[in-house]
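A short worksheet on the structure shown next.
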Amino acid sequence: MIIHNKNRTSDTFLYTFACHESEQALCHLELKRLLGMQEALDHSFYITNHCIDPSRSPFLNMRVDVLFSAPGLDELLVLAESIELEEGSTFKVLYLKEGIPYTYDEQRTLERSVGSRIKGTARMKKPDVTLGLIHLESGWMLGRCHEAESVWLNHKNKPHNYSTGLSSRVARALVNIAAPEATGVTMIDPCCGMGNVLIEALSMGISIRGNDINPLAVQGARKNLRHYGYDDTLVTLGDMTHLAEKADRAILDLPYNVCSVLPVEEQLQLLNHLGKLAGEAVIVSTQPIAEQLRQTGWRIEDHVTTSKGSFVREIWYCKRQTGNHLRE
């Protein structure tokens, strides 16, 4: 634990993130919901007063709890002298590459300059505390680093999966878009397939249940849940239009086949019933469905696409409109 004085920059957090070009829009929407990031950035860090576990996101690399900020390095060095570590704790200072670029030698010099001001034992490999140093256009920041654990990577090799199913990374992002608060919220995935969304939600402690009309999918989802130590009775078999129990949020990956398209009438039926299950939803489709959403009383809050090769998914974050005449 770091002991610091009143000079600390309170409730300021810097997050670093990275994503593939094909998932930039999905990454931005997830960070908008998780961290309040409004505009797409031309750099790979974001400063906010939102504090979340960086392991929640498949795109976040690190959270830095900012201890001090200063317009110049000399001022920051003075502030760093007030940092004390618990007796016996080790530390290192790491210059974050997301800031103004420096050469390798310059970065090491900066790290040593800050480290020499800190009371404690420096250790480059496996220290107890890592302090992140960054130089921005606005000045310098120093804070404690919390690296993200890539939880979703542990879910890539499920016992059962569809070749065109949601990847664990995309599924995790969808859960975060649907339920950024995580605690105190219930969710439903009425066409859950092999349970990719369920596993990501459960790994974050979110209360969720799933359903699918395909017996083979339900069987696979239950085996996947058991594989990761989750309750397989959370998945039911049946037509989603027969579901009645409500939830706060829903994630619906509309059924599709690589050789066919779900008829519009069926899309309308599913989207209409979805509104009876939850007031907010993340809806995934392999084709544009803005008009179908409008007809079934869904107000589009955000829309992005993500792709894997030539396979494109449309992702819609929607809220249920009230007082509409909905198509039955």
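Chain labels run A, B, ... following the order of the structure tokens; each chain numbers its residues from 1, and ligands are numbered from 1 in the order shown.
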Kindly assemble as a tab-separated table a list of the region 77-112 of chain A residues that lie within 12 Å of region 141-158 of chain A, each paired with its nearest atom pair and their distance in Å to one decimal, using only C-alpha atoms, sorted first by chain and then by ascending residue number.
```
residue	atom	partner	partner_atom	distance
A:Leu77	CA	A:Leu142	CA	9.6
A:Val78	CA	A:Leu142	CA	11.8
A:Leu79	CA	A:Leu142	CA	9.4
A:Ala80	CA	A:Leu142	CA	8.1
A:Glu81	CA	A:Leu142	CA	11.8
A:Ile83	CA	A:Gly143	CA	10.3
A:Leu85	CA	A:Arg144	CA	11.6
A:Phe91	CA	A:Arg144	CA	10.1
A:Lys92	CA	A:Arg144	CA	10.2
A:Val93	CA	A:Leu142	CA	9.0
A:Leu94	CA	A:Cys145	CA	9.0
A:Tyr95	CA	A:Leu142	CA	9.3
A:Leu96	CA	A:Leu142	CA	10.0
A:Gly99	CA	A:Met141	CA	9.9
A:Ile100	CA	A:Met141	CA	11.8
A:Leu110	CA	A:Leu142	CA	11.7
A:Glu111	CA	A:Leu142	CA	10.7
```
As a list in words, please: the residues near Thr164 (chain A) (cut-off 12 Å, only C-alpha atoms, same-chain neighbours under 3 positions excluded).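 Once the adjacent positions are removed, what remains is Asn161, Ser167, Ser168, Gly193, Met194, Asn196, Asp253, Pro255, Tyr256, Asn257, Val258, Thr286, Ser307, Lys308, Gly309, Ser310, Phe311, Val312 and Arg313 of chain A.
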Just want the 8 Å neighbourhood of Leu252 (chain A), counted on only C-alpha atoms, with same-chain residues fewer than 6 positions away dropped. Output as a list in words.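 Residues near the query, excluding close chain neighbours: Asp189, Pro190, Cys191, Cys192, Ala281, Val282, Ile283 and Val284 of chain A.
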Test item: residues at most 12 Å from Leu136 (chain A), only C-alpha atoms, excluding those fewer than 3 positions along its chain, as an NGL selection string: :A and (14 or 43 or 45-47 or 69-73 or 95-102 or 133 or 139-142)
For N, CA, C and O atoms, I'd like the residues from the last selection saved as an mmCIF file, in the first residue's frame.
```
data_model
loop_
_atom_site.group_PDB
_atom_site.id
_atom_site.type_symbol
_atom_site.label_atom_id
_atom_site.label_comp_id
_atom_site.auth_asym_id
_atom_site.auth_seq_id
_atom_site.Cartn_x
_atom_site.Cartn_y
_atom_site.Cartn_z
ATOM 1 N N LEU A 14 -6.156 7.329 -14.760
ATOM 2 C CA LEU A 14 -5.738 7.299 -16.159
ATOM 3 C C LEU A 14 -5.772 5.852 -16.631
ATOM 4 O O LEU A 14 -5.190 4.975 -15.981
ATOM 5 N N HIS A 43 -5.392 9.203 -29.275
ATOM 6 C CA HIS A 43 -4.345 8.620 -28.447
ATOM 7 C C HIS A 43 -4.958 7.478 -27.648
ATOM 8 O O HIS A 43 -6.184 7.295 -27.637
ATOM 9 N N PHE A 45 -5.036 6.697 -24.299
ATOM 10 C CA PHE A 45 -5.251 6.819 -22.866
ATOM 11 C C PHE A 45 -6.456 7.720 -22.629
ATOM 12 O O PHE A 45 -6.845 8.506 -23.501
ATOM 13 N N TYR A 46 -7.038 7.579 -21.438
ATOM 14 C CA TYR A 46 -8.191 8.403 -21.090
ATOM 15 C C TYR A 46 -8.145 8.702 -19.599
ATOM 16 O O TYR A 46 -7.891 7.811 -18.789
ATOM 17 N N ILE A 47 -8.395 9.961 -19.241
ATOM 18 C CA ILE A 47 -8.353 10.403 -17.851
ATOM 19 C C ILE A 47 -9.771 10.715 -17.400
ATOM 20 O O ILE A 47 -10.510 11.434 -18.084
ATOM 21 N N SER A 69 0.031 15.249 -9.899
ATOM 22 C CA SER A 69 0.202 15.846 -11.215
ATOM 23 C C SER A 69 0.890 17.186 -11.024
ATOM 24 O O SER A 69 0.712 17.852 -9.990
ATOM 25 N N ALA A 70 1.706 17.570 -12.014
ATOM 26 C CA ALA A 70 2.466 18.815 -11.905
ATOM 27 C C ALA A 70 2.773 19.323 -13.305
ATOM 28 O O ALA A 70 2.904 18.534 -14.252
ATOM 29 N N PRO A 71 2.893 20.642 -13.456
ATOM 30 C CA PRO A 71 3.188 21.181 -14.790
ATOM 31 C C PRO A 71 4.579 20.846 -15.291
ATOM 32 O O PRO A 71 4.811 20.752 -16.494
ATOM 33 N N GLY A 72 5.518 20.647 -14.363
ATOM 34 C CA GLY A 72 6.887 20.349 -14.760
ATOM 35 C C GLY A 72 7.456 19.170 -14.005
ATOM 36 O O GLY A 72 6.953 18.772 -12.941
ATOM 37 N N LEU A 73 8.534 18.610 -14.540
ATOM 38 C CA LEU A 73 9.135 17.439 -13.912
ATOM 39 C C LEU A 73 9.732 17.771 -12.552
ATOM 40 O O LEU A 73 9.633 16.980 -11.612
ATOM 41 N N TYR A 95 7.881 4.357 -17.144
ATOM 42 C CA TYR A 95 7.383 5.420 -18.014
ATOM 43 C C TYR A 95 6.387 4.815 -19.000
ATOM 44 O O TYR A 95 6.675 3.815 -19.676
ATOM 45 N N LEU A 96 5.191 5.413 -19.075
ATOM 46 C CA LEU A 96 4.128 4.880 -19.922
ATOM 47 C C LEU A 96 4.288 5.379 -21.354
ATOM 48 O O LEU A 96 4.329 6.586 -21.605
ATOM 49 N N LYS A 97 4.333 4.435 -22.285
ATOM 50 C CA LYS A 97 4.572 4.763 -23.689
ATOM 51 C C LYS A 97 3.433 5.553 -24.302
ATOM 52 O O LYS A 97 3.583 6.130 -25.393
ATOM 53 N N GLU A 98 2.275 5.597 -23.645
ATOM 54 C CA GLU A 98 1.133 6.334 -24.182
ATOM 55 C C GLU A 98 1.321 7.853 -24.094
ATOM 56 O O GLU A 98 0.577 8.623 -24.689
ATOM 57 N N GLY A 99 2.327 8.300 -23.333
ATOM 58 C CA GLY A 99 2.588 9.725 -23.199
ATOM 59 C C GLY A 99 3.475 10.249 -24.313
ATOM 60 O O GLY A 99 3.672 9.604 -25.353
ATOM 61 N N ILE A 100 4.008 11.452 -24.097
ATOM 62 C CA ILE A 100 4.944 12.037 -25.061
ATOM 63 C C ILE A 100 6.128 11.088 -25.238
ATOM 64 O O ILE A 100 6.694 10.601 -24.257
ATOM 65 N N PRO A 101 6.491 10.760 -26.470
ATOM 66 C CA PRO A 101 7.536 9.743 -26.686
ATOM 67 C C PRO A 101 8.935 10.218 -26.301
ATOM 68 O O PRO A 101 9.310 11.362 -26.529
ATOM 69 N N TYR A 102 9.657 9.299 -25.701
ATOM 70 C CA TYR A 102 11.078 9.499 -25.392
ATOM 71 C C TYR A 102 11.831 8.267 -25.874
ATOM 72 O O TYR A 102 11.249 7.184 -26.028
ATOM 73 N N LEU A 133 4.635 6.654 -14.668
ATOM 74 C CA LEU A 133 5.013 8.040 -14.940
ATOM 75 C C LEU A 133 4.630 8.360 -16.373
ATOM 76 O O LEU A 133 4.917 7.582 -17.289
ATOM 77 N N GLY A 139 1.129 18.342 -18.820
ATOM 78 C CA GLY A 139 2.069 18.232 -17.713
ATOM 79 C C GLY A 139 2.421 16.788 -17.401
ATOM 80 O O GLY A 139 2.264 15.893 -18.244
ATOM 81 N N TRP A 140 2.863 16.540 -16.164
ATOM 82 C CA TRP A 140 3.317 15.228 -15.728
ATOM 83 C C TRP A 140 2.349 14.617 -14.732
ATOM 84 O O TRP A 140 1.715 15.329 -13.950
ATOM 85 N N MET A 141 2.257 13.292 -14.737
ATOM 86 C CA MET A 141 1.449 12.561 -13.767
ATOM 87 C C MET A 141 2.236 11.361 -13.255
ATOM 88 O O MET A 141 3.028 10.761 -13.991
ATOM 89 N N LEU A 142 1.974 11.028 -11.994
ATOM 90 C CA LEU A 142 2.586 9.860 -11.377
ATOM 91 C C LEU A 142 1.519 9.158 -10.563
ATOM 92 O O LEU A 142 0.781 9.803 -9.805
#
```
Residue set, region 95-211 of chain A restricted to strand (DSSP E), as number ranges by chain: A: 95, 121-122, 129-136, 139-147, 186-189, 207-211
Which one of A:Met187, A:Ile315, A:Ala250, A:Leu237 sits closest to Leu166 (chain A) if you count only C-alpha atoms? A:Ile315
Using Å and a single decimal, report how far CA of Gln24 (chain A) sits from CA of Gln267 (chain A).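 The value is 27.4 Å.
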Identify all residues of region 31-107 of chain A in helix (DSSP H, G or I) (DSSP on the backbone) and supply them as a PyMOL selection string. chain A and resi 31-35+54-56+73-80+104-107
Just checking: using only C-alpha atoms, which residue out of A:Leu34, A:Met62, A:Val114, A:Leu270 ends up closest to Glu75 (chain A)?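 Residue with the minimum atom-to-atom distance to Glu75 (chain A): A:Val114.
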Choose the residue, out of A:Lys32, A:Arg172, A:Arg63, A:Arg249, that has the smallest atom-to-atom separation from Leu198 (chain A); count only C-alpha atoms.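 Closest to Leu198 (chain A), using only C-alpha atoms: A:Arg172.
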Could you tell me how far CA of Val185 (chain A) lies from CA of Val64 (chain A), in Å and to one decimal?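 Straight-line distance from CA of Val185 (chain A) to CA of Val64 (chain A) works out to 27.0 Å.
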Do you know which residues are at most 10 Å from Lys125 (chain A) counting only C-alpha atoms, after dropping those on the same chain fewer than 2 positions away, and could you put them as a ChimeraX atom specification? /A:90-92,122-123,127-128
With only C-alpha atoms as the basis for distance, which of A:Arg294, A:Arg117, A:Arg108, A:His160 is at the shortest distance from Leu216 (chain A)?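 So, comparing all the options, the nearest one is A:His160.
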Quick one: distance from CA of Ser89 (chain A) to CA of Asp74 (chain A) in Å, one decimal?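 Rounded to one decimal, the two atoms are 25.5 Å apart.
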Pick out the residues sitting within 12 Å of Leu234 (chain A), and hand them over as a ChimeraX atom specification; count only C-alpha atoms, and ignore anything fewer than 2 positions along from it in its own chain. /A:187-190,192,195,198-199,202,207-212,218-219,221-226,230-232,236-237
Residue neighbourhood Leu35 (chain A), 12 Å, only C-alpha atoms, exclusion window fewer than 6 positions, as a JSON list (two decimals) with N, CA and C atoms, in the first residue's frame:
```json
[["chain", "number", "residue", "atom", "x", "y", "z"],
["A", 12, "THR", "N", -8.61, 10.80, -9.47],
["A", 12, "THR", "CA", -8.25, 10.90, -10.89],
["A", 12, "THR", "C", -7.61, 9.59, -11.31],
["A", 13, "PHE", "N", -8.10, 9.07, -12.44],
["A", 13, "PHE", "CA", -7.62, 7.77, -12.91],
["A", 13, "PHE", "C", -7.29, 7.89, -14.40],
["A", 14, "LEU", "N", -6.16, 7.33, -14.76],
["A", 14, "LEU", "CA", -5.74, 7.30, -16.16],
["A", 14, "LEU", "C", -5.77, 5.85, -16.63],
["A", 15, "TYR", "N", -6.47, 5.61, -17.73],
["A", 15, "TYR", "CA", -6.57, 4.26, -18.30],
["A", 15, "TYR", "C", -5.85, 4.22, -19.64],
["A", 16, "THR", "N", -5.13, 3.14, -19.88],
["A", 16, "THR", "CA", -4.54, 2.91, -21.19],
["A", 16, "THR", "C", -5.30, 1.77, -21.87],
["A", 17, "PHE", "N", -5.45, 1.85, -23.17],
["A", 17, "PHE", "CA", -6.23, 0.85, -23.89],
["A", 17, "PHE", "C", -5.66, 0.63, -25.28],
["A", 27, "CYS", "N", -14.79, -0.74, -29.21],
["A", 27, "CYS", "CA", -13.97, -0.31, -28.08],
["A", 27, "CYS", "C", -14.45, 1.04, -27.57],
["A", 28, "HIS", "N", -14.69, 1.99, -28.48],
["A", 28, "HIS", "CA", -15.12, 3.33, -28.07],
["A", 28, "HIS", "C", -16.47, 3.28, -27.36],
["A", 29, "LEU", "N", -17.40, 2.49, -27.89],
["A", 29, "LEU", "CA", -18.72, 2.41, -27.26],
["A", 29, "LEU", "C", -18.60, 1.79, -25.87],
["A", 45, "PHE", "N", -5.04, 6.70, -24.30],
["A", 45, "PHE", "CA", -5.25, 6.82, -22.87],
["A", 45, "PHE", "C", -6.46, 7.72, -22.63],
["A", 46, "TYR", "N", -7.04, 7.58, -21.44],
["A", 46, "TYR", "CA", -8.19, 8.40, -21.09],
["A", 46, "TYR", "C", -8.14, 8.70, -19.60],
["A", 47, "ILE", "N", -8.40, 9.96, -19.24],
["A", 47, "ILE", "CA", -8.35, 10.40, -17.85],
["A", 47, "ILE", "C", -9.77, 10.71, -17.40],
["A", 48, "THR", "N", -10.17, 10.17, -16.25],
["A", 48, "THR", "CA", -11.54, 10.30, -15.79],
["A", 48, "THR", "C", -11.58, 10.16, -14.27],
["A", 49, "ASN", "N", -12.75, 10.44, -13.69],
["A", 49, "ASN", "CA", -12.93, 10.17, -12.26],
["A", 49, "ASN", "C", -13.67, 8.86, -12.02],
["A", 50, "HIS", "N", -13.94, 8.10, -13.10],
["A", 50, "HIS", "CA", -14.57, 6.78, -12.97],
["A", 50, "HIS", "C", -13.51, 5.75, -12.58],
["A", 51, "CYS", "N", -13.81, 4.99, -11.55],
["A", 51, "CYS", "CA", -12.88, 3.95, -11.11],
["A", 51, "CYS", "C", -13.50, 2.58, -11.32],
["A", 52, "ILE", "N", -12.92, 1.78, -12.21],
["A", 52, "ILE", "CA", -13.38, 0.41, -12.44],
["A", 52, "ILE", "C", -12.17, -0.52, -12.45],
["A", 53, "ASP", "N", -12.44, -1.79, -12.28],
["A", 53, "ASP", "CA", -11.41, -2.81, -12.42],
["A", 53, "ASP", "C", -11.04, -2.90, -13.91],
["A", 54, "PRO", "N", -9.80, -2.61, -14.29],
["A", 54, "PRO", "CA", -9.46, -2.66, -15.73],
["A", 54, "PRO", "C", -9.61, -4.04, -16.34],
["A", 56, "ARG", "N", -12.15, -5.75, -16.34],
["A", 56, "ARG", "CA", -13.49, -5.91, -16.91],
["A", 56, "ARG", "C", -13.48, -5.80, -18.43],
["A", 57, "SER", "N", -12.63, -4.95, -18.96],
["A", 57, "SER", "CA", -12.65, -4.67, -20.39],
["A", 57, "SER", "C", -11.60, -5.47, -21.14],
["A", 60, "LEU", "N", -8.91, -2.55, -22.18],
["A", 60, "LEU", "CA", -8.08, -1.81, -21.23],
["A", 60, "LEU", "C", -6.83, -2.59, -20.87],
["A", 63, "ARG", "N", -5.00, 0.57, -15.31],
["A", 63, "ARG", "CA", -5.54, 1.75, -14.63],
["A", 63, "ARG", "C", -4.44, 2.34, -13.76],
["A", 176, "ASN", "N", -20.37, -5.33, -21.03],
["A", 176, "ASN", "CA", -20.02, -4.04, -20.43],
["A", 176, "ASN", "C", -20.87, -2.91, -20.98],
["A", 177, "ILE", "N", -21.23, -2.98, -22.24],
["A", 177, "ILE", "CA", -22.10, -1.96, -22.83],
["A", 177, "ILE", "C", -23.50, -2.06, -22.22],
["A", 180, "PRO", "N", -22.77, -1.47, -17.49],
["A", 180, "PRO", "CA", -21.50, -0.90, -17.04],
["A", 180, "PRO", "C", -21.35, -0.90, -15.53],
["A", 181, "GLU", "N", -22.47, -0.87, -14.79],
["A", 181, "GLU", "CA", -22.38, -0.85, -13.33],
["A", 181, "GLU", "C", -22.12, -2.22, -12.73]]
```
